[in-house]
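Everything below belongs to data-v3.csv, which stores CSV, N, CA and C atoms.
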```csv
chain,number,residue,atom,x,y,z
A,24,MET,N,14.0,-11.7,20.4
A,24,MET,CA,14.3,-12.0,19.0
A,24,MET,C,15.9,-12.0,18.9
A,25,ASP,N,16.4,-13.0,18.3
A,25,ASP,CA,17.8,-13.1,18.1
A,25,ASP,C,18.3,-12.2,17.0
A,26,ILE,N,19.6,-11.9,17.0
A,26,ILE,CA,20.2,-11.0,16.0
A,26,ILE,C,20.1,-11.7,14.6
A,27,LYS,N,20.2,-13.0,14.5
A,27,LYS,CA,20.1,-13.6,13.2
A,27,LYS,C,18.6,-13.5,12.7
A,28,ASP,N,17.7,-13.7,13.6
A,28,ASP,CA,16.3,-13.5,13.2
A,28,ASP,C,16.0,-12.1,12.8
A,29,ARG,N,16.6,-11.1,13.4
A,29,ARG,CA,16.3,-9.7,13.1
A,29,ARG,C,16.8,-9.4,11.7
A,30,LYS,N,18.0,-10.0,11.3
A,30,LYS,CA,18.5,-9.8,10.0
A,30,LYS,C,17.6,-10.4,8.9
A,31,LYS,N,16.9,-11.5,9.2
A,31,LYS,CA,16.0,-12.1,8.2
A,31,LYS,C,14.6,-11.5,8.2
A,32,SER,N,14.4,-10.6,9.1
A,32,SER,CA,13.0,-10.0,9.2
A,32,SER,C,12.8,-9.2,7.9
A,33,ARG,N,11.6,-9.4,7.3
A,33,ARG,CA,11.3,-8.7,6.1
A,33,ARG,C,10.6,-7.4,6.3
A,34,PHE,N,10.1,-7.1,7.6
A,34,PHE,CA,9.4,-5.9,7.9
A,34,PHE,C,10.3,-4.8,8.4
A,35,PHE,N,11.2,-5.2,9.4
A,35,PHE,CA,12.1,-4.3,10.0
A,35,PHE,C,13.4,-4.1,9.2
A,36,PRO,N,13.7,-2.9,8.8
A,36,PRO,CA,14.9,-2.7,7.9
A,36,PRO,C,16.2,-2.9,8.8
A,37,ASN,N,17.2,-3.4,8.1
A,37,ASN,CA,18.5,-3.6,8.8
A,37,ASN,C,19.3,-2.3,8.8
A,38,LYS,N,19.3,-1.6,7.7
A,38,LYS,CA,20.0,-0.3,7.6
A,38,LYS,C,19.1,0.8,7.5
A,39,ILE,N,19.4,1.9,8.2
A,39,ILE,CA,18.6,3.1,8.2
A,39,ILE,C,19.5,4.2,7.7
A,40,SER,N,19.0,4.9,6.7
A,40,SER,CA,19.8,6.0,6.1
A,40,SER,C,19.7,7.2,7.1
A,41,LYS,N,20.5,8.2,6.8
A,41,LYS,CA,20.5,9.4,7.6
A,41,LYS,C,19.2,10.2,7.4
A,42,ASN,N,18.7,10.2,6.1
A,42,ASN,CA,17.4,10.9,5.9
A,42,ASN,C,16.2,10.2,6.6
A,43,GLN,N,16.3,8.8,6.6
A,43,GLN,CA,15.2,8.1,7.3
A,43,GLN,C,15.2,8.4,8.8
A,44,ALA,N,16.5,8.6,9.4
A,44,ALA,CA,16.6,8.9,10.8
A,44,ALA,C,16.1,10.3,11.0
A,45,LYS,N,16.4,11.3,10.1
A,45,LYS,CA,15.9,12.6,10.3
A,45,LYS,C,14.4,12.7,10.2
A,46,ASP,N,13.8,11.9,9.2
A,46,ASP,CA,12.4,11.9,9.1
A,46,ASP,C,11.7,11.4,10.3
A,47,THR,N,12.3,10.3,10.9
A,47,THR,CA,11.8,9.8,12.1
A,47,THR,C,11.8,10.8,13.3
A,48,GLY,N,12.9,11.5,13.4
A,48,GLY,CA,13.1,12.5,14.4
A,48,GLY,C,12.0,13.6,14.2
A,49,MET,N,11.8,14.0,13.0
A,49,MET,CA,10.7,15.0,12.7
A,49,MET,C,9.3,14.5,13.1
A,50,ALA,N,9.1,13.2,12.8
A,50,ALA,CA,7.8,12.6,13.1
A,50,ALA,C,7.6,12.6,14.6
A,51,MET,N,8.7,12.3,15.4
A,51,MET,CA,8.6,12.3,16.8
A,51,MET,C,8.3,13.7,17.4
A,52,VAL,N,8.9,14.7,16.8
A,52,VAL,CA,8.7,16.1,17.2
A,52,VAL,C,7.2,16.4,16.9
A,53,LEU,N,6.7,16.0,15.7
A,53,LEU,CA,5.3,16.3,15.4
A,53,LEU,C,4.3,15.6,16.4
A,54,ILE,N,4.7,14.4,16.7
A,54,ILE,CA,3.8,13.6,17.6
A,54,ILE,C,3.8,14.3,19.0
A,55,PHE,N,4.9,14.8,19.5
A,55,PHE,CA,4.9,15.4,20.8
A,55,PHE,C,4.2,16.8,20.7
A,56,LEU,N,4.3,17.5,19.6
A,56,LEU,CA,3.6,18.7,19.5
A,56,LEU,C,2.1,18.5,19.4
A,57,LEU,N,1.6,17.4,18.7
A,57,LEU,CA,0.2,17.1,18.6
A,57,LEU,C,-0.3,16.7,20.0
A,58,VAL,N,0.5,16.0,20.7
A,58,VAL,CA,0.0,15.6,22.1
A,58,VAL,C,-0.1,16.8,23.0
A,59,ALA,N,0.9,17.7,22.8
A,59,ALA,CA,0.8,19.0,23.6
A,59,ALA,C,-0.4,19.8,23.2
A,60,TRP,N,-0.7,19.8,21.9
A,60,TRP,CA,-1.9,20.6,21.5
A,60,TRP,C,-3.2,20.1,21.9
A,61,PHE,N,-3.4,18.8,21.7
A,61,PHE,CA,-4.7,18.2,22.0
A,61,PHE,C,-4.8,17.8,23.4
A,62,GLY,N,-3.7,17.6,24.1
A,62,GLY,CA,-3.7,17.2,25.5
A,62,GLY,C,-3.6,18.4,26.5
A,63,ASP,N,-3.5,19.6,25.9
A,63,ASP,CA,-3.3,20.8,26.7
A,63,ASP,C,-2.3,20.7,27.8
A,64,ASN,N,-1.1,20.1,27.4
A,64,ASN,CA,0.0,19.9,28.3
A,64,ASN,C,1.2,20.5,27.7
A,65,ILE,N,1.6,21.6,28.3
A,65,ILE,CA,2.7,22.4,27.8
A,65,ILE,C,4.1,21.7,27.9
A,66,LYS,N,4.2,20.7,28.8
A,66,LYS,CA,5.4,20.0,29.0
A,66,LYS,C,5.9,19.3,27.7
A,67,PHE,N,4.9,18.8,26.9
A,67,PHE,CA,5.3,18.1,25.7
A,67,PHE,C,5.9,19.0,24.7
A,68,VAL,N,5.6,20.3,24.7
A,68,VAL,CA,6.3,21.3,23.8
A,68,VAL,C,7.8,21.4,24.1
A,69,GLY,N,8.1,21.4,25.4
A,69,GLY,CA,9.6,21.4,25.8
A,69,GLY,C,10.3,20.1,25.3
A,70,VAL,N,9.6,19.0,25.4
A,70,VAL,CA,10.2,17.7,24.9
A,70,VAL,C,10.3,17.8,23.4
A,71,ALA,N,9.4,18.3,22.7
A,71,ALA,CA,9.4,18.4,21.3
A,71,ALA,C,10.6,19.3,20.8
A,72,ILE,N,10.8,20.4,21.6
A,72,ILE,CA,11.9,21.3,21.3
A,72,ILE,C,13.3,20.6,21.5
A,73,ILE,N,13.4,19.9,22.5
A,73,ILE,CA,14.6,19.1,22.8
A,73,ILE,C,14.8,18.1,21.7
A,74,LEU,N,13.8,17.4,21.3
A,74,LEU,CA,13.9,16.4,20.2
A,74,LEU,C,14.3,17.0,18.9
A,75,LEU,N,13.7,18.2,18.6
A,75,LEU,CA,14.1,18.9,17.4
A,75,LEU,C,15.5,19.4,17.4
A,76,ILE,N,16.0,19.9,18.5
A,76,ILE,CA,17.4,20.3,18.6
A,76,ILE,C,18.3,19.1,18.4
A,77,LEU,N,18.0,17.9,19.0
A,77,LEU,CA,18.8,16.7,18.8
A,77,LEU,C,18.7,16.3,17.4
A,78,ASN,N,17.6,16.4,16.7
A,78,ASN,CA,17.5,16.0,15.3
A,78,ASN,C,18.4,16.9,14.4
A,79,MET,N,18.5,18.2,14.8
A,79,MET,CA,19.3,19.1,14.0
A,79,MET,C,20.8,18.9,14.2
A,80,ILE,N,21.1,18.5,15.5
A,80,ILE,CA,22.6,18.3,15.8
A,80,ILE,C,23.0,17.0,15.2
A,81,THR,N,22.4,15.9,15.6
A,81,THR,CA,22.7,14.6,15.2
A,81,THR,C,21.5,13.7,15.0
A,82,ALA,N,21.2,13.3,13.8
A,82,ALA,CA,20.0,12.5,13.5
A,82,ALA,C,20.3,11.0,13.8
A,83,ASP,N,21.6,10.7,14.0
A,83,ASP,CA,21.9,9.3,14.3
A,83,ASP,C,21.3,8.7,15.6
A,84,ILE,N,20.9,9.6,16.5
A,84,ILE,CA,20.3,9.2,17.7
A,84,ILE,C,18.9,8.5,17.5
A,85,TYR,N,18.3,8.8,16.3
A,85,TYR,CA,17.0,8.3,16.0
A,85,TYR,C,17.0,6.9,15.2
A,86,VAL,N,18.2,6.4,15.0
A,86,VAL,CA,18.3,5.1,14.2
A,86,VAL,C,17.5,4.0,14.9
A,87,PRO,N,17.6,3.7,16.2
A,87,PRO,CA,16.8,2.7,16.7
A,87,PRO,C,15.3,2.9,16.6
A,88,ALA,N,14.9,4.2,16.9
A,88,ALA,CA,13.5,4.6,16.8
A,88,ALA,C,13.0,4.4,15.3
A,89,ALA,N,13.9,4.8,14.4
A,89,ALA,CA,13.6,4.7,12.9
A,89,ALA,C,13.4,3.2,12.5
A,90,ARG,N,14.2,2.4,13.1
A,90,ARG,CA,14.0,0.9,12.7
A,90,ARG,C,12.7,0.4,13.2
A,91,ILE,N,12.3,0.8,14.4
A,91,ILE,CA,11.0,0.4,15.0
A,91,ILE,C,9.9,1.1,14.2
A,92,TRP,N,10.0,2.4,14.0
A,92,TRP,CA,9.0,3.2,13.3
A,92,TRP,C,8.7,2.6,11.9
A,93,LEU,N,9.8,2.4,11.1
A,93,LEU,CA,9.6,1.9,9.8
A,93,LEU,C,9.1,0.5,9.7
A,94,GLY,N,9.6,-0.3,10.7
A,94,GLY,CA,9.1,-1.7,10.8
A,94,GLY,C,7.6,-1.8,11.1
A,95,ILE,N,7.1,-1.0,12.0
A,95,ILE,CA,5.7,-0.9,12.3
A,95,ILE,C,4.9,-0.4,11.1
A,96,SER,N,5.4,0.6,10.4
A,96,SER,CA,4.7,1.1,9.2
A,96,SER,C,4.7,0.1,8.1
A,97,ASN,N,5.7,-0.7,8.0
A,97,ASN,CA,5.7,-1.8,7.0
A,97,ASN,C,4.7,-2.8,7.3
A,98,ILE,N,4.6,-3.2,8.6
A,98,ILE,CA,3.6,-4.2,9.0
A,98,ILE,C,2.2,-3.7,8.8
A,99,ILE,N,1.9,-2.4,9.2
A,99,ILE,CA,0.6,-1.8,9.0
A,99,ILE,C,0.3,-1.7,7.5
A,100,GLY,N,1.3,-1.3,6.7
A,100,GLY,CA,1.0,-1.2,5.2
A,100,GLY,C,0.7,-2.6,4.6
A,101,ALA,N,1.4,-3.6,5.1
A,101,ALA,CA,1.1,-4.9,4.5
A,101,ALA,C,-0.3,-5.4,4.7
A,102,PHE,N,-0.8,-5.1,5.9
A,102,PHE,CA,-2.1,-5.6,6.3
A,102,PHE,C,-3.2,-4.7,5.8
A,103,VAL,N,-3.0,-3.4,5.9
A,103,VAL,CA,-4.1,-2.4,5.5
A,103,VAL,C,-4.3,-2.5,4.0
A,104,SER,N,-3.3,-2.6,3.2
A,104,SER,CA,-3.5,-2.7,1.8
A,104,SER,C,-4.4,-3.9,1.4
A,105,LYS,N,-4.2,-5.0,2.0
A,105,LYS,CA,-5.0,-6.2,1.8
A,105,LYS,C,-6.5,-6.0,2.3
A,106,ILE,N,-6.6,-5.3,3.4
A,106,ILE,CA,-7.9,-5.0,3.9
A,106,ILE,C,-8.7,-4.0,3.0
A,107,ILE,N,-8.0,-3.0,2.5
A,107,ILE,CA,-8.6,-2.0,1.6
A,107,ILE,C,-9.0,-2.7,0.3
A,108,LEU,N,-8.1,-3.5,-0.3
A,108,LEU,CA,-8.4,-4.1,-1.6
A,108,LEU,C,-9.6,-5.1,-1.4
A,109,THR,N,-9.6,-5.9,-0.3
A,109,THR,CA,-10.7,-6.8,-0.1
A,109,THR,C,-12.0,-6.0,0.1
A,110,ALA,N,-12.0,-4.9,0.8
A,110,ALA,CA,-13.2,-4.2,1.0
A,110,ALA,C,-13.7,-3.6,-0.3
A,111,MET,N,-12.8,-3.1,-1.1
A,111,MET,CA,-13.1,-2.5,-2.4
A,111,MET,C,-13.7,-3.6,-3.3
A,112,PHE,N,-13.2,-4.8,-3.3
A,112,PHE,CA,-13.7,-5.9,-4.1
A,112,PHE,C,-15.2,-6.2,-3.7
A,113,PHE,N,-15.4,-6.4,-2.3
A,113,PHE,CA,-16.7,-6.7,-1.9
A,113,PHE,C,-17.7,-5.6,-1.9
A,114,LEU,N,-17.2,-4.3,-1.9
A,114,LEU,CA,-18.2,-3.2,-2.0
A,114,LEU,C,-18.4,-2.7,-3.4
A,115,ILE,N,-17.5,-3.0,-4.4
A,115,ILE,CA,-17.7,-2.5,-5.7
A,115,ILE,C,-17.9,-3.6,-6.7
A,116,VAL,N,-16.9,-4.5,-6.8
A,116,VAL,CA,-16.9,-5.6,-7.8
A,116,VAL,C,-18.1,-6.6,-7.6
A,117,THR,N,-18.3,-7.0,-6.4
A,117,THR,CA,-19.3,-8.0,-6.1
A,117,THR,C,-20.7,-7.5,-6.4
A,118,PRO,N,-21.1,-6.3,-6.0
A,118,PRO,CA,-22.4,-5.8,-6.3
A,118,PRO,C,-22.6,-5.6,-7.8
A,119,VAL,N,-21.6,-5.2,-8.5
A,119,VAL,CA,-21.7,-5.0,-10.0
A,119,VAL,C,-21.9,-6.4,-10.6
A,120,GLY,N,-21.2,-7.4,-10.2
A,120,GLY,CA,-21.4,-8.7,-10.7
A,120,GLY,C,-22.8,-9.3,-10.4
A,121,VAL,N,-23.3,-9.0,-9.2
A,121,VAL,CA,-24.6,-9.5,-8.8
A,121,VAL,C,-25.7,-8.8,-9.6
A,122,ILE,N,-25.6,-7.5,-9.8
A,122,ILE,CA,-26.5,-6.7,-10.6
A,122,ILE,C,-26.5,-7.2,-12.1
A,123,ARG,N,-25.3,-7.4,-12.6
A,123,ARG,CA,-25.3,-7.9,-14.0
A,123,ARG,C,-25.9,-9.3,-14.1
A,124,ARG,N,-25.7,-10.1,-13.2
A,124,ARG,CA,-26.4,-11.4,-13.2
A,124,ARG,C,-27.9,-11.3,-13.1
A,125,TRP,N,-28.4,-10.4,-12.3
A,125,TRP,CA,-29.8,-10.2,-12.2
A,125,TRP,C,-30.4,-9.7,-13.5
A,126,MET,N,-29.6,-8.8,-14.1
A,126,MET,CA,-30.1,-8.3,-15.4
A,126,MET,C,-30.0,-9.2,-16.6
A,127,GLY,N,-29.3,-10.3,-16.4
A,127,GLY,CA,-29.2,-11.4,-17.4
A,127,GLY,C,-28.0,-11.2,-18.3
A,128,ALA,N,-27.1,-10.4,-18.0
A,128,ALA,CA,-25.9,-10.1,-18.8
A,128,ALA,C,-25.0,-11.4,-18.8
A,129,ASP,N,-24.6,-11.8,-20.0
A,129,ASP,CA,-23.8,-13.0,-20.2
A,129,ASP,C,-22.6,-12.6,-21.2
A,130,SER,N,-21.7,-11.8,-20.7
A,130,SER,CA,-20.6,-11.3,-21.5
A,130,SER,C,-19.7,-12.4,-22.0
A,131,MET,N,-19.6,-13.5,-21.2
A,131,MET,CA,-18.7,-14.6,-21.6
A,131,MET,C,-19.4,-15.7,-22.4
A,132,LYS,N,-20.7,-15.5,-22.6
A,132,LYS,CA,-21.6,-16.4,-23.4
A,132,LYS,C,-21.5,-17.8,-22.8
A,133,THR,N,-21.6,-17.9,-21.5
A,133,THR,CA,-21.6,-19.2,-20.9
A,133,THR,C,-22.9,-20.0,-21.2
A,134,GLY,N,-24.0,-19.3,-21.4
A,134,GLY,CA,-25.2,-20.0,-21.7
A,134,GLY,C,-25.1,-20.7,-23.1
A,135,LEU,N,-24.4,-20.1,-24.1
A,135,LEU,CA,-24.3,-20.7,-25.4
A,135,LEU,C,-23.3,-21.9,-25.3
A,136,TRP,N,-22.4,-21.9,-24.4
A,136,TRP,CA,-21.5,-23.0,-24.3
A,136,TRP,C,-22.2,-24.2,-23.9
A,137,LYS,N,-23.2,-24.0,-23.0
A,137,LYS,CA,-23.9,-25.2,-22.4
A,137,LYS,C,-25.0,-25.7,-23.3
A,138,ASN,N,-25.7,-24.8,-24.0
A,138,ASN,CA,-26.9,-25.1,-24.8
A,138,ASN,C,-26.6,-25.4,-26.3
A,139,GLY,N,-25.7,-24.7,-26.9
A,139,GLY,CA,-25.5,-24.8,-28.3
A,139,GLY,C,-24.5,-25.8,-28.7
A,140,LYS,N,-24.5,-26.2,-30.0
A,140,LYS,CA,-23.5,-27.1,-30.5
A,140,LYS,C,-22.5,-26.4,-31.3
A,141,ASP,N,-22.8,-25.2,-31.7
A,141,ASP,CA,-21.9,-24.4,-32.5
A,141,ASP,C,-20.8,-23.8,-31.6
A,142,SER,N,-19.8,-23.3,-32.2
A,142,SER,CA,-18.7,-22.6,-31.5
A,142,SER,C,-19.2,-21.2,-31.1
A,143,VAL,N,-18.8,-20.8,-29.9
A,143,VAL,CA,-19.2,-19.4,-29.5
A,143,VAL,C,-18.0,-18.4,-29.8
A,144,PHE,N,-17.0,-18.9,-30.3
A,144,PHE,CA,-15.9,-18.0,-30.7
A,144,PHE,C,-16.2,-17.2,-31.9
A,145,SER,N,-15.9,-16.0,-31.9
A,145,SER,CA,-16.1,-15.2,-33.1
A,145,SER,C,-14.9,-15.2,-34.0
A,146,VAL,N,-15.2,-15.3,-35.3
A,146,VAL,CA,-14.1,-15.4,-36.2
A,146,VAL,C,-13.6,-14.0,-36.5
A,147,ARG,N,-12.3,-13.8,-36.4
A,147,ARG,CA,-11.8,-12.5,-36.7
A,147,ARG,C,-10.7,-12.6,-37.8
A,148,ASP,N,-11.0,-12.4,-39.0
A,148,ASP,CA,-10.1,-12.5,-40.1
A,148,ASP,C,-9.6,-11.1,-40.4
A,149,HIS,N,-8.5,-10.8,-39.8
A,149,HIS,CA,-8.0,-9.4,-39.9
A,149,HIS,C,-6.5,-9.5,-40.2
A,150,CYS,N,-6.1,-8.8,-41.2
A,150,CYS,CA,-4.7,-8.7,-41.6
A,150,CYS,C,-4.1,-7.4,-40.9
A,151,PHE,N,-3.2,-7.6,-40.0
A,151,PHE,CA,-2.7,-6.4,-39.3
A,151,PHE,C,-1.7,-5.6,-40.2
A,152,GLN,N,-1.9,-4.3,-40.2
A,152,GLN,CA,-1.1,-3.4,-40.9
A,152,GLN,C,-0.1,-2.7,-40.0
A,153,PRO,N,0.9,-2.0,-40.5
A,153,PRO,CA,1.9,-1.3,-39.6
A,153,PRO,C,1.2,-0.2,-38.8
A,154,GLU,N,0.2,0.4,-39.3
A,154,GLU,CA,-0.6,1.4,-38.5
A,154,GLU,C,-1.2,0.8,-37.3
A,155,ASP,N,-1.6,-0.4,-37.3
A,155,ASP,CA,-2.2,-1.1,-36.2
A,155,ASP,C,-1.2,-1.2,-35.0
A,156,ILE,N,0.0,-1.4,-35.4
A,156,ILE,CA,1.0,-1.6,-34.3
A,156,ILE,C,1.5,-0.3,-33.8
A,157,GLU,N,1.6,0.7,-34.7
A,157,GLU,CA,2.0,2.0,-34.2
A,157,GLU,C,1.1,2.7,-33.3
A,158,LYS,N,-0.2,2.5,-33.5
A,158,LYS,CA,-1.3,3.1,-32.7
A,158,LYS,C,-2.2,2.0,-32.2
A,159,PRO,N,-1.8,1.2,-31.2
A,159,PRO,CA,-2.6,0.1,-30.8
A,159,PRO,C,-3.9,0.5,-30.1
A,160,TYR,N,-4.0,1.8,-29.7
A,160,TYR,CA,-5.2,2.2,-29.0
A,160,TYR,C,-6.1,3.0,-29.9
```

Show me, as structure tokens, the structure contained in the file I just sent.
Amino acid sequence: MDIKDRKKSRFFPNKISKNQAKDTGMAMVLIFLLVAWFGDNIKFVGVAIILLILNMITADIYVPAARIWLGISNIIGAFVSKIILTAMFFLIVTPVGVIRRWMGADSMKTGLWKNGKDSVFSVRDHCFQPEDIEKPY
């Protein structure tokens, strides 16, 4: 990837703040501690301690890792949110719509539009008062 292409990338950030670099360093420490815990390998605890000391002394060393870490999290976030929203739609909204159709619900009165000659719009002759605007709910 060229430097010009990297600047135009919408997922990988160009500038990393000191706090983002510190957070990335702490995430790396946590990852190594979890690998040591679940992998029963004490060597990763030593690496985690070294990474923690580096993070406390200078967090700027984590800027390249933070750029990659935040870029990957942005990519995952962009796709996972769409997947979750699609799944929620097909698991919640679609069954509700199908059940309402089976039960004969016609909240938009589409049957009257097709069969009747009269208007399906309801006439609402209401004069709004100042109280209606103050408390709209």

Closest of A:Ser145, A:Ile73, A:Asp63, A:Asn78 to Met49 (chain A) - atom-to-atom distances counting only N, CA and C atoms: A:Asn78

Residue nearest Ala82 (chain A) - candidates A:Asn42, A:Phe113, A:Phe34, A:Val119, atoms counted: only C-alpha atoms: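 With only C-alpha atoms as the atom set, the closest residue is A:Asn42.
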
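Distance-wise, CA of Leu75 (chain A) and atom N of Gly48 (chain A) end up 8.5 Å apart.
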
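Interatomic distance, atom C of Lys66 (chain A) to CA of Ile99 (chain A): 28.7 Å.
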
Region 28-157 of chain A: residues DSSP assigns to helix (DSSP H, G or I), reported as number ranges by chain: A: 28-31, 41-62, 66-80, 82-126, 133-138, 153-157
